[in-house]
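For reference, input_23.pdb is printed below; it contains PDB, C-alpha atoms and all ligand atoms.
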```
ATOM      1  CA  MET A   1       0.000   0.000   0.000
ATOM      2  CA  ASP A   2       1.321   3.484  -0.875
ATOM      3  CA  TYR A   3       1.756   6.099   1.807
ATOM      4  CA  GLU A   4       2.961   9.651   1.318
ATOM      5  CA  THR A   5       3.360  10.921   4.896
ATOM      6  CA  ILE A   6       4.133   7.807   6.934
ATOM      7  CA  ILE A   7       6.279   4.670   6.632
ATOM      8  CA  VAL A   8       4.516   1.446   7.560
ATOM      9  CA  GLU A   9       6.409  -1.730   8.432
ATOM     10  CA  THR A  10       5.928  -4.931  10.369
ATOM     11  CA  ARG A  11       8.622  -6.257  12.681
ATOM     12  CA  GLY A  12       7.556  -9.763  13.684
ATOM     13  CA  LYS A  13       4.267  -9.347  15.549
ATOM     14  CA  VAL A  14       4.694  -5.566  15.868
ATOM     15  CA  GLY A  15       3.245  -2.980  13.486
ATOM     16  CA  LEU A  16       5.463   0.088  13.139
ATOM     17  CA  ILE A  17       4.254   3.472  11.891
ATOM     18  CA  THR A  18       6.921   6.152  11.361
ATOM     19  CA  LEU A  19       5.640   9.687  10.775
ATOM     20  CA  ASN A  20       7.499  10.989   7.763
ATOM     21  CA  ARG A  21       7.074  14.657   6.889
ATOM     22  CA  PRO A  22      10.609  15.788   7.794
ATOM     23  CA  GLN A  23      10.234  19.113   5.982
ATOM     24  CA  ALA A  24       7.439  20.068   8.419
ATOM     25  CA  LEU A  25       8.729  18.325  11.571
ATOM     26  CA  ASN A  26       6.009  15.706  11.034
ATOM     27  CA  ALA A  27       3.194  18.248  11.380
ATOM     28  CA  LEU A  28      -0.139  16.434  11.282
ATOM     29  CA  ASN A  29      -2.186  17.252   8.197
ATOM     30  CA  ALA A  30      -5.357  15.702   6.801
ATOM     31  CA  THR A  31      -3.418  13.325   4.527
ATOM     32  CA  LEU A  32      -1.341  12.050   7.443
ATOM     33  CA  LEU A  33      -4.450  11.494   9.573
ATOM     34  CA  GLY A  34      -6.088   9.518   6.757
ATOM     35  CA  GLU A  35      -2.953   7.442   6.253
ATOM     36  CA  VAL A  36      -2.488   6.723   9.969
ATOM     37  CA  ASN A  37      -6.074   5.461  10.147
ATOM     38  CA  ARG A  38      -5.592   3.371   6.994
ATOM     39  CA  ALA A  39      -2.455   1.762   8.443
ATOM     40  CA  LEU A  40      -4.196   1.145  11.769
ATOM     41  CA  ASP A  41      -7.169  -0.448   9.967
ATOM     42  CA  VAL A  42      -4.744  -2.905   8.343
ATOM     43  CA  PHE A  43      -2.917  -3.678  11.605
ATOM     44  CA  GLU A  44      -6.162  -4.100  13.539
ATOM     45  CA  ALA A  45      -7.479  -6.561  10.961
ATOM     46  CA  ASP A  46      -4.220  -8.571  10.929
ATOM     47  CA  ARG A  47      -4.292 -11.289  13.585
ATOM     48  CA  GLY A  48      -0.525 -11.597  13.258
ATOM     49  CA  ILE A  49      -0.052  -8.119  14.760
ATOM     50  CA  GLY A  50      -0.204  -7.903  18.554
ATOM     51  CA  CYS A  51       1.039  -4.389  19.253
ATOM     52  CA  ILE A  52       1.614  -1.144  17.348
ATOM     53  CA  VAL A  53       4.459   1.367  17.757
ATOM     54  CA  VAL A  54       4.139   4.932  16.478
ATOM     55  CA  THR A  55       7.295   6.999  16.182
ATOM     56  CA  GLY A  56       8.755  10.033  14.415
ATOM     57  CA  SER A  57      12.301  11.227  13.814
ATOM     58  CA  GLU A  58      15.056  12.032  16.274
ATOM     59  CA  LYS A  59      14.215  15.748  15.908
ATOM     60  CA  ALA A  60      10.424  15.512  16.130
ATOM     61  CA  PHE A  61       7.722  13.026  16.956
ATOM     62  CA  ALA A  62       5.361  15.701  15.605
ATOM     63  CA  ALA A  63       5.460  19.495  16.020
ATOM     64  CA  GLY A  64       1.678  19.749  16.099
ATOM     65  CA  ALA A  65      -1.220  19.976  13.728
ATOM     66  CA  ASP A  66      -0.208  21.526  10.417
ATOM     67  CA  ILE A  67      -0.525  25.250  11.072
ATOM     68  CA  LYS A  68      -0.214  26.136   7.383
ATOM     69  CA  GLU A  69      -3.118  23.845   6.508
ATOM     70  CA  MET A  70      -5.262  25.243   9.335
ATOM     71  CA  ALA A  71      -4.427  28.952   9.208
ATOM     72  CA  ASN A  72      -7.081  30.089   6.736
ATOM     73  CA  LEU A  73      -9.915  27.734   7.596
ATOM     74  CA  THR A  74     -13.200  29.432   8.480
ATOM     75  CA  TYR A  75     -15.539  28.444  11.280
ATOM     76  CA  PRO A  76     -18.229  27.050   8.908
ATOM     77  CA  GLN A  77     -15.568  24.924   7.160
ATOM     78  CA  ILE A  78     -13.933  23.573  10.297
ATOM     79  CA  TYR A  79     -17.345  22.918  11.885
ATOM     80  CA  ALA A  80     -18.997  21.334   8.838
ATOM     81  CA  ASP A  81     -15.992  19.057   8.228
ATOM     82  CA  ASP A  82     -15.822  18.238  11.948
ATOM     83  CA  HIS A  83     -12.152  18.950  11.392
ATOM     84  CA  PHE A  84      -9.839  16.290  12.829
ATOM     85  CA  ALA A  85     -12.685  14.153  14.225
ATOM     86  CA  GLY A  86     -10.786  11.264  12.577
ATOM     87  CA  TRP A  87      -8.375  11.417  15.512
ATOM     88  CA  ASP A  88     -11.115   9.865  17.662
ATOM     89  CA  ARG A  89     -10.746   6.721  15.524
ATOM     90  CA  VAL A  90      -7.028   6.709  16.301
ATOM     91  CA  ALA A  91      -7.702   7.057  20.031
ATOM     92  CA  ASN A  92     -10.323   4.304  20.084
ATOM     93  CA  ARG A  93      -8.239   1.481  18.630
ATOM     94  CA  ARG A  94      -8.473  -1.871  20.417
ATOM     95  CA  LYS A  95      -4.931  -3.151  19.960
ATOM     96  CA  PRO A  96      -2.236  -1.688  22.217
ATOM     97  CA  MET A  97      -0.338   1.299  20.833
ATOM     98  CA  ILE A  98       2.969   2.659  22.121
ATOM     99  CA  ALA A  99       4.215   6.135  21.218
ATOM    100  CA  ALA A 100       8.019   6.223  20.934
ATOM    101  CA  VAL A 101       8.766   9.931  21.256
ATOM    102  CA  ALA A 102      12.041  11.698  20.474
ATOM    103  CA  GLY A 103      12.386  15.440  19.994
ATOM    104  CA  PHE A 104       9.335  17.685  19.791
ATOM    105  CA  ALA A 105       5.892  16.375  20.698
ATOM    106  CA  LEU A 106       3.976  19.639  20.572
ATOM    107  CA  GLY A 107       0.301  20.515  20.269
ATOM    108  CA  GLY A 108      -1.381  17.782  18.239
ATOM    109  CA  GLY A 109       1.893  15.834  18.412
ATOM    110  CA  CYS A 110       1.678  15.655  22.207
ATOM    111  CA  GLU A 111      -2.034  14.876  21.898
ATOM    112  CA  PHE A 112      -1.392  12.043  19.392
ATOM    113  CA  ALA A 113       1.218  10.569  21.760
ATOM    114  CA  MET A 114      -1.299  10.751  24.627
ATOM    115  CA  MET A 115      -3.901   8.884  22.514
ATOM    116  CA  CYS A 116      -1.513   5.928  22.543
ATOM    117  CA  ASP A 117      -1.657   3.569  25.516
ATOM    118  CA  PHE A 118       1.657   4.754  26.857
ATOM    119  CA  ILE A 119       4.650   6.811  25.865
ATOM    120  CA  ILE A 120       8.294   5.775  25.900
ATOM    121  CA  ALA A 121      10.378   8.942  25.659
ATOM    122  CA  ALA A 122      13.907   9.575  24.469
ATOM    123  CA  GLU A 123      16.091  11.739  26.707
ATOM    124  CA  ASN A 124      15.760  14.561  24.153
ATOM    125  CA  ALA A 125      11.940  14.518  24.102
ATOM    126  CA  LYS A 126      10.082  17.795  24.661
ATOM    127  CA  PHE A 127       6.362  17.866  25.298
ATOM    128  CA  GLY A 128       4.171  20.931  25.105
ATOM    129  CA  GLN A 129       0.787  22.417  24.272
ATOM    130  CA  PRO A 130       1.854  25.731  22.695
ATOM    131  CA  GLU A 131      -1.491  26.431  20.947
ATOM    132  CA  ILE A 132      -2.166  29.407  23.241
ATOM    133  CA  LYS A 133       0.662  31.226  21.445
ATOM    134  CA  LEU A 134      -1.236  30.757  18.158
ATOM    135  CA  GLY A 135      -4.441  32.216  19.579
ATOM    136  CA  VAL A 136      -6.133  28.835  20.038
ATOM    137  CA  MET A 137      -6.063  25.965  22.537
ATOM    138  CA  PRO A 138      -5.507  22.206  22.273
ATOM    139  CA  GLY A 139      -8.172  20.593  20.077
ATOM    140  CA  MET A 140      -7.260  16.903  19.917
ATOM    141  CA  GLY A 141      -7.851  16.024  23.559
ATOM    142  CA  GLY A 142      -4.992  17.943  25.190
ATOM    143  CA  THR A 143      -7.042  19.790  27.795
ATOM    144  CA  GLN A 144      -8.588  16.471  28.837
ATOM    145  CA  ARG A 145      -5.882  13.802  28.514
ATOM    146  CA  LEU A 146      -3.012  15.974  29.781
ATOM    147  CA  THR A 147      -5.081  16.935  32.831
ATOM    148  CA  ARG A 148      -5.834  13.292  33.604
ATOM    149  CA  LEU A 149      -2.205  12.268  33.141
ATOM    150  CA  ILE A 150      -0.268  15.009  34.939
ATOM    151  CA  GLY A 151      -2.942  16.706  37.037
ATOM    152  CA  ARG A 152      -4.662  20.063  36.923
ATOM    153  CA  ALA A 153      -1.845  22.353  38.084
ATOM    154  CA  LYS A 154       0.749  21.271  35.551
ATOM    155  CA  ALA A 155      -1.800  20.882  32.730
ATOM    156  CA  MET A 156      -3.104  24.396  33.402
ATOM    157  CA  GLU A 157       0.406  25.823  33.477
ATOM    158  CA  MET A 158       1.433  24.090  30.256
ATOM    159  CA  CYS A 159      -1.728  24.975  28.311
ATOM    160  CA  LEU A 160      -1.859  28.578  29.556
ATOM    161  CA  THR A 161       1.829  29.412  29.081
ATOM    162  CA  GLY A 162       2.782  26.999  26.290
ATOM    163  CA  ARG A 163       5.974  25.994  28.097
ATOM    164  CA  MET A 164       7.646  22.756  27.124
ATOM    165  CA  MET A 165       8.365  19.887  29.505
ATOM    166  CA  GLY A 166      11.516  17.775  29.157
ATOM    167  CA  ALA A 167      11.616  13.995  29.333
ATOM    168  CA  GLU A 168      12.691  13.780  32.956
ATOM    169  CA  GLU A 169       9.892  16.036  34.206
ATOM    170  CA  ALA A 170       7.452  14.197  31.927
ATOM    171  CA  GLU A 171       8.365  10.882  33.538
ATOM    172  CA  ARG A 172       8.170  12.346  37.037
ATOM    173  CA  SER A 173       4.752  13.819  36.224
ATOM    174  CA  GLY A 174       3.248  10.602  34.864
ATOM    175  CA  LEU A 175       3.091  11.673  31.208
ATOM    176  CA  VAL A 176       5.556   9.024  30.072
ATOM    177  CA  ALA A 177       6.117   5.452  31.205
ATOM    178  CA  ARG A 178       9.886   5.402  30.773
ATOM    179  CA  VAL A 179      12.806   7.514  29.508
ATOM    180  CA  VAL A 180      15.556   5.822  27.491
ATOM    181  CA  PRO A 181      18.732   7.041  25.776
ATOM    182  CA  THR A 182      17.789   8.685  22.473
ATOM    183  CA  ALA A 183      19.786   6.225  20.361
ATOM    184  CA  GLU A 184      17.951   3.279  21.951
ATOM    185  CA  LEU A 185      14.417   4.624  21.662
ATOM    186  CA  LEU A 186      13.140   2.538  18.772
ATOM    187  CA  ASN A 187      14.800  -0.670  19.985
ATOM    188  CA  GLU A 188      13.386  -0.243  23.475
ATOM    189  CA  ALA A 189       9.906   0.507  22.124
ATOM    190  CA  LEU A 190      10.033  -2.490  19.770
ATOM    191  CA  LYS A 191      11.268  -4.764  22.578
ATOM    192  CA  THR A 192       8.405  -3.615  24.799
ATOM    193  CA  ALA A 193       5.915  -4.060  21.962
ATOM    194  CA  GLU A 194       7.229  -7.566  21.231
ATOM    195  CA  ALA A 195       6.788  -8.486  24.895
ATOM    196  CA  ILE A 196       3.156  -7.326  24.754
ATOM    197  CA  ALA A 197       2.588  -9.064  21.405
ATOM    198  CA  SER A 198       3.818 -12.352  22.898
ATOM    199  CA  MET A 199       0.956 -12.338  25.441
ATOM    200  CA  SER A 200      -2.557 -13.564  24.668
ATOM    201  CA  GLN A 201      -4.046 -10.962  22.326
ATOM    202  CA  PRO A 202      -7.632 -11.139  23.610
ATOM    203  CA  ILE A 203      -6.387 -10.846  27.204
ATOM    204  CA  VAL A 204      -4.215  -7.857  26.255
ATOM    205  CA  MET A 205      -7.205  -6.162  24.616
ATOM    206  CA  MET A 206      -9.478  -6.847  27.594
ATOM    207  CA  THR A 207      -6.819  -5.422  29.926
ATOM    208  CA  LYS A 208      -6.525  -2.269  27.807
ATOM    209  CA  GLU A 209     -10.308  -1.905  27.730
ATOM    210  CA  SER A 210     -10.497  -2.263  31.517
ATOM    211  CA  ILE A 211      -7.794   0.345  32.185
ATOM    212  CA  ASN A 212      -9.529   2.730  29.777
ATOM    213  CA  ARG A 213     -12.784   2.326  31.759
ATOM    214  CA  ALA A 214     -11.018   4.065  34.629
ATOM    215  CA  ASP A 215     -11.280   7.337  32.692
ATOM    216  CA  GLU A 216     -15.019   7.031  32.236
ATOM    217  CA  VAL A 217     -16.655   5.593  35.378
ATOM    218  CA  SER A 218     -16.626   5.729  39.186
ATOM    219  CA  LEU A 219     -14.218   3.512  41.154
ATOM    220  CA  SER A 220     -16.941   1.047  42.218
ATOM    221  CA  GLU A 221     -18.291   0.742  38.650
ATOM    222  CA  GLY A 222     -14.748   0.337  37.330
ATOM    223  CA  VAL A 223     -13.934  -2.393  39.842
ATOM    224  CA  ARG A 224     -17.215  -4.158  38.983
ATOM    225  CA  PHE A 225     -16.370  -3.928  35.243
ATOM    226  CA  GLU A 226     -12.893  -5.313  35.935
ATOM    227  CA  ARG A 227     -14.275  -8.266  37.918
ATOM    228  CA  ARG A 228     -16.782  -9.171  35.179
ATOM    229  CA  VAL A 229     -14.030  -9.068  32.540
ATOM    230  CA  PHE A 230     -11.747 -11.091  34.837
ATOM    231  CA  HIS A 231     -14.477 -13.734  35.180
ATOM    232  CA  ALA A 232     -14.915 -13.787  31.385
ATOM    233  CA  MET A 233     -11.207 -14.575  30.950
ATOM    234  CA  PHE A 234     -11.909 -18.035  32.362
ATOM    235  CA  ALA A 235     -13.759 -18.786  29.112
ATOM    236  CA  THR A 236     -10.487 -18.492  27.177
ATOM    237  CA  ALA A 237      -8.040 -21.261  26.323
ATOM    238  CA  ASP A 238      -5.221 -18.829  27.139
ATOM    239  CA  GLN A 239      -6.222 -18.570  30.813
ATOM    240  CA  LYS A 240      -6.066 -22.380  31.058
ATOM    241  CA  GLU A 241      -2.724 -22.437  29.216
ATOM    242  CA  GLY A 242      -1.173 -19.553  31.205
ATOM    243  CA  MET A 243      -2.021 -21.051  34.584
ATOM    244  CA  ALA A 244      -1.139 -24.627  33.537
ATOM    245  CA  ALA A 245       2.243 -23.416  32.263
ATOM    246  CA  PHE A 246       2.950 -21.764  35.622
ATOM    247  CA  VAL A 247       2.066 -24.912  37.534
ATOM    248  CA  GLU A 248       4.129 -27.074  35.158
ATOM    249  CA  LYS A 249       7.088 -24.642  35.350
ATOM    250  CA  ARG A 250       7.261 -23.995  31.596
ATOM    251  CA  ALA A 251       6.702 -21.054  29.267
ATOM    252  CA  PRO A 252       3.082 -20.557  28.158
ATOM    253  CA  ARG A 253       2.106 -21.073  24.515
ATOM    254  CA  PHE A 254      -0.793 -18.700  23.970
ATOM    255  CA  SER A 255      -3.133 -19.399  21.048
ATOM    256  CA  ASP A 256      -5.115 -16.148  21.204
ATOM    257  CA  ARG A 257      -8.266 -18.107  21.956
TER     258      ARG A 257
HETATM  259  N1  LIG B   1       2.726  23.101  11.222
HETATM  260  C1  LIG B   1       3.259  23.357   9.998
HETATM  261  N2  LIG B   1       4.592  23.473   9.774
HETATM  262  C2  LIG B   1       5.411  23.337  10.836
HETATM  263  C3  LIG B   1       4.930  23.077  12.126
HETATM  264  C4  LIG B   1       3.509  22.953  12.302
HETATM  265  N3  LIG B   1       2.947  22.664  13.505
HETATM  266  N4  LIG B   1       5.976  23.009  12.982
HETATM  267  C5  LIG B   1       7.085  23.206  12.226
HETATM  268  N5  LIG B   1       6.745  23.408  10.944
HETATM  269  C6  LIG B   1       7.632  23.666   9.799
HETATM  270  C7  LIG B   1       8.211  25.079   9.865
HETATM  271  O1  LIG B   1       7.277  26.001   9.348
HETATM  272  C8  LIG B   1       9.463  24.913   9.025
HETATM  273  O2  LIG B   1       9.085  24.919   7.667
HETATM  274  P1  LIG B   1       9.864  25.883   6.618
HETATM  275  O3  LIG B   1      11.259  25.337   6.595
HETATM  276  O4  LIG B   1       9.120  25.665   5.343
HETATM  277  O5  LIG B   1       9.801  27.251   7.163
HETATM  278  C9  LIG B   1       9.924  23.497   9.340
HETATM  279  O6  LIG B   1       8.783  22.824   9.892
HETATM  280  C10 LIG B   1      11.029  23.462  10.399
HETATM  281  O7  LIG B   1      10.572  24.192  11.537
HETATM  282  P2  LIG B   1      11.439  25.359  12.225
HETATM  283  O8  LIG B   1      12.320  26.013  11.215
HETATM  284  O9  LIG B   1      10.492  26.225  12.984
HETATM  285  O10 LIG B   1      12.338  24.482  13.196
HETATM  286  P3  LIG B   1      12.997  24.945  14.584
HETATM  287  O11 LIG B   1      13.907  23.849  14.978
HETATM  288  O12 LIG B   1      13.552  26.323  14.448
HETATM  289  O13 LIG B   1      11.771  25.045  15.633
HETATM  290  C11 LIG B   1       9.768  24.258  16.716
HETATM  291  C12 LIG B   1      11.095  23.891  16.032
HETATM  292  C13 LIG B   1      10.038  24.961  18.056
HETATM  293  C14 LIG B   1       9.036  22.931  16.989
HETATM  294  C15 LIG B   1       8.936  25.175  15.798
HETATM  295  O14 LIG B   1       8.870  24.601  14.510
HETATM  296  C16 LIG B   1       7.524  25.402  16.269
HETATM  297  O15 LIG B   1       7.304  26.175  17.177
HETATM  298  N6  LIG B   1       6.537  24.743  15.624
HETATM  299  C17 LIG B   1       5.126  24.938  15.918
HETATM  300  C18 LIG B   1       4.724  24.270  17.194
HETATM  301  C19 LIG B   1       3.259  24.505  17.478
HETATM  302  O16 LIG B   1       2.838  25.624  17.676
HETATM  303  N7  LIG B   1       2.472  23.430  17.512
HETATM  304  C20 LIG B   1       1.058  23.495  17.751
HETATM  305  C21 LIG B   1       0.311  23.531  16.457
HETATM  306  S1  LIG B   1      -1.442  23.792  16.681
HETATM  307  C22 LIG B   1      -2.055  22.285  17.105
HETATM  308  O17 LIG B   1      -1.348  21.332  17.179
HETATM  309  C23 LIG B   1      -3.528  22.224  17.379
HETATM  310  C24 LIG B   1      -3.993  20.777  17.455
HETATM  311  C25 LIG B   1      -5.467  20.684  17.540
HETATM  312  C26 LIG B   1      -6.166  20.703  16.213
HETATM  313  C27 LIG B   1      -7.573  20.271  16.441
HETATM  314  C28 LIG B   1      -8.497  20.627  15.292
HETATM  315  C29 LIG B   1      -9.942  20.271  15.643
END
```

Give the structure from this file in structure tokens form.
Ligand code: CO8
Amino acid sequence: MDYETIIVETRGKVGLITLNRPQALNALNATLLGEVNRALDVFEADRGIGCIVVTGSEKAFAAGADIKEMANLTYPQIYADDHFAGWDRVANRRKPMIAAVAGFALGGGCEFAMMCDFIIAAENAKFGQPEIKLGVMPGMGGTQRLTRLIGRAKAMEMCLTGRMMGAEEAERSGLVARVVPTAELLNEALKTAEAIASMSQPIVMMTKESINRADEVSLSEGVRFERRVFHAMFATADQKEGMAAFVEKRAPRFSDR
């Protein structure tokens, strides 16, 4: 399949999407959004893929939505097109997605990374929501996801001043899962993705779905949801295999059933 703004590869059971608009620091335009969704459709339909990694270049994961594409849009246009609503499809994928972030993750770039299930950051990563400096605010979930991840005080400060946050502060604040040396970023992300892809795929997806419920419901409802899903896992062959393998002191052989 031909892509203009991304590079799509498979590495074993991992699907890899590399954002590839170097001339614009991987700014997110409509073509890129369409291509990311097309690649994700293919990976989601492929039972051989157990985890997806999204990355950019060493200089930029993505420096935001494409300002040049957006600058002259009118309100009726942006409203009628429901501009960028396609990002909801990215955020609602069922297979696990890891963002491997080096360099700038700004505006929509930071928001895209936060749509993934977790972020592994290179030491040179810089996160920010600088939209306020353009006379707008985050529009791809930044006011909501950043607030949930790092709390109100830091989210407010970042969105109101546009200041960037380095990798170390991002890890301390709960925005990223782990910081790794910049040269090792892709390898570390692929290794992590391979580990996830080697688990039972349905169990991985149920686990992701359960963690995501935490954003939507009260604690008691979330715990009830978790317990029902936990019970349902006993209908899978992989629960039998995983527990038998432990008892028999051998590695499990999951069949994704
Ligand atoms: N959009 C378009 N082009 C961009 C963008 C962008 N977001 N960021 C960088 N570029 C382009 C530059 O214009 C430049 O192109 P050219 O060579 O043709 O002039 C090229 O990339 C290289 O950039 P710089 O020369 O600026 O590189 P520097 O290393 O000097 O600076 C920065 C790097 C600090 C990252 C700088 O490029 C910058 O500030 N970029 C903009 C960051 C920003 O403001 N991002 C937020 C964008 S708005 C947004 O994301 C809203 C999302 C919500 C949309 C929801 C719709 C419903």

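Of the listed residues (A:Val229, A:Val14, A:Ala80, A:Ala170), A:Ala80 comes nearest to ligand LIG 1 (chain B); the distances count all atoms listed in the file.
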
In terms of the shortest atom-to-atom distance over only C-alpha atoms, which of A:Ala122, A:Cys110, A:Met70, A:Met140 is closest to Gly86 in chain A? A:Met140

Selected by the PyMOL selection byres (((not hetatm)) within 6 of (chain B and resi 1)) in the shown coordinates: which residues, as an MDAnalysis selection string? chainID A and resid 23:25 27 63:68 83:84 104 106:108 130:131 138:140

Calculate how many Å separate CA of Val180 in chain A from CA of Ile120 in chain A, rounding to one decimal. 7.4 Å

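Using only C-alpha atoms, the nearest neighbour of Pro96 in chain A within the list A:Ile211, A:Met114, A:Ile17, A:Cys51 is A:Cys51.
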
Which residues are close to range 236-238 of chain A, i.e. within 12 Å by all atoms listed in the file, leaving aside same-chain residues fewer than 2 positions away? Reply as an mmCIF file with C-alpha atoms, keeping the file's coordinate frame.
```cif
data_model
loop_
_atom_site.group_PDB
_atom_site.id
_atom_site.type_symbol
_atom_site.label_atom_id
_atom_site.label_comp_id
_atom_site.auth_asym_id
_atom_site.auth_seq_id
_atom_site.Cartn_x
_atom_site.Cartn_y
_atom_site.Cartn_z
ATOM 1 C CA SER A 198 3.818 -12.352 22.898
ATOM 2 C CA MET A 199 0.956 -12.338 25.441
ATOM 3 C CA SER A 200 -2.557 -13.564 24.668
ATOM 4 C CA GLN A 201 -4.046 -10.962 22.326
ATOM 5 C CA PRO A 202 -7.632 -11.139 23.610
ATOM 6 C CA ILE A 203 -6.387 -10.846 27.204
ATOM 7 C CA VAL A 204 -4.215 -7.857 26.255
ATOM 8 C CA MET A 206 -9.478 -6.847 27.594
ATOM 9 C CA VAL A 229 -14.030 -9.068 32.540
ATOM 10 C CA PHE A 230 -11.747 -11.091 34.837
ATOM 11 C CA HIS A 231 -14.477 -13.734 35.180
ATOM 12 C CA ALA A 232 -14.915 -13.787 31.385
ATOM 13 C CA MET A 233 -11.207 -14.575 30.950
ATOM 14 C CA PHE A 234 -11.909 -18.035 32.362
ATOM 15 C CA LYS A 240 -6.066 -22.380 31.058
ATOM 16 C CA GLU A 241 -2.724 -22.437 29.216
ATOM 17 C CA GLY A 242 -1.173 -19.553 31.205
ATOM 18 C CA MET A 243 -2.021 -21.051 34.584
ATOM 19 C CA ALA A 244 -1.139 -24.627 33.537
ATOM 20 C CA ALA A 245 2.243 -23.416 32.263
ATOM 21 C CA PRO A 252 3.082 -20.557 28.158
ATOM 22 C CA ARG A 253 2.106 -21.073 24.515
ATOM 23 C CA PHE A 254 -0.793 -18.700 23.970
ATOM 24 C CA SER A 255 -3.133 -19.399 21.048
ATOM 25 C CA ASP A 256 -5.115 -16.148 21.204
ATOM 26 C CA ARG A 257 -8.266 -18.107 21.956
#
```

Quick one: distance from CA of Ala85 in chain A to CA of Pro22 in chain A in Å, one decimal? 24.2 Å

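Closest approach to Lys95 in chain A from the set A:Glu209, A:Glu216, A:Glu4, A:Glu9 is made by A:Glu209, with distances taken over all atoms listed in the file.
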
What separates CA of Met115 in chain A and CA of Thr147 in chain A is a distance of 13.1 Å

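Distance check against Val42 in chain A using all atoms listed in the file: of A:Lys59, A:Arg148, A:Arg93, A:Arg228, the minimum falls on A:Arg93.
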
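If all atoms listed in the file are the atoms counted, then among A:Glu111, A:Glu157, A:Glu168, A:Asp117 the closest residue to Thr207 in chain A is A:Asp117.
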
Residues selected by the PyMOL selection byres (((chain A and resi 124) around 12) and not hetatm), written as a ChimeraX atom specification: /A:57-61,100-105,120-123,125-127,164-170,179-185

List, as number ranges by chain, every residue that the PyMOL selection byres (((chain A and resi 32) around 9) and not hetatm) selects in the file provided. A: 3-6, 19-21, 26-31, 33-37

Next, write the just-selected residues to a file, as a PDB file, in the coordinates of the input, keeping C-alpha atoms as the atom set.
```pdb
ATOM      1  CA  TYR A   3       1.756   6.099   1.807  1.00  0.00           C
ATOM      2  CA  GLU A   4       2.961   9.651   1.318  1.00  0.00           C
ATOM      3  CA  THR A   5       3.360  10.921   4.896  1.00  0.00           C
ATOM      4  CA  ILE A   6       4.133   7.807   6.934  1.00  0.00           C
ATOM      5  CA  LEU A  19       5.640   9.687  10.775  1.00  0.00           C
ATOM      6  CA  ASN A  20       7.499  10.989   7.763  1.00  0.00           C
ATOM      7  CA  ARG A  21       7.074  14.657   6.889  1.00  0.00           C
ATOM      8  CA  ASN A  26       6.009  15.706  11.034  1.00  0.00           C
ATOM      9  CA  ALA A  27       3.194  18.248  11.380  1.00  0.00           C
ATOM     10  CA  LEU A  28      -0.139  16.434  11.282  1.00  0.00           C
ATOM     11  CA  ASN A  29      -2.186  17.252   8.197  1.00  0.00           C
ATOM     12  CA  ALA A  30      -5.357  15.702   6.801  1.00  0.00           C
ATOM     13  CA  THR A  31      -3.418  13.325   4.527  1.00  0.00           C
ATOM     14  CA  LEU A  33      -4.450  11.494   9.573  1.00  0.00           C
ATOM     15  CA  GLY A  34      -6.088   9.518   6.757  1.00  0.00           C
ATOM     16  CA  GLU A  35      -2.953   7.442   6.253  1.00  0.00           C
ATOM     17  CA  VAL A  36      -2.488   6.723   9.969  1.00  0.00           C
ATOM     18  CA  ASN A  37      -6.074   5.461  10.147  1.00  0.00           C
TER      19      ASN A  37
END
```

Residues near Gly48 in chain A, anyone? I mean within 10 Å using all atoms listed in the file, not counting same-chain ones fewer than 4 positions away, as JSON, numbers by chain. {"A": [10, 12, 13, 14, 15, 43, 44, 197, 201]}
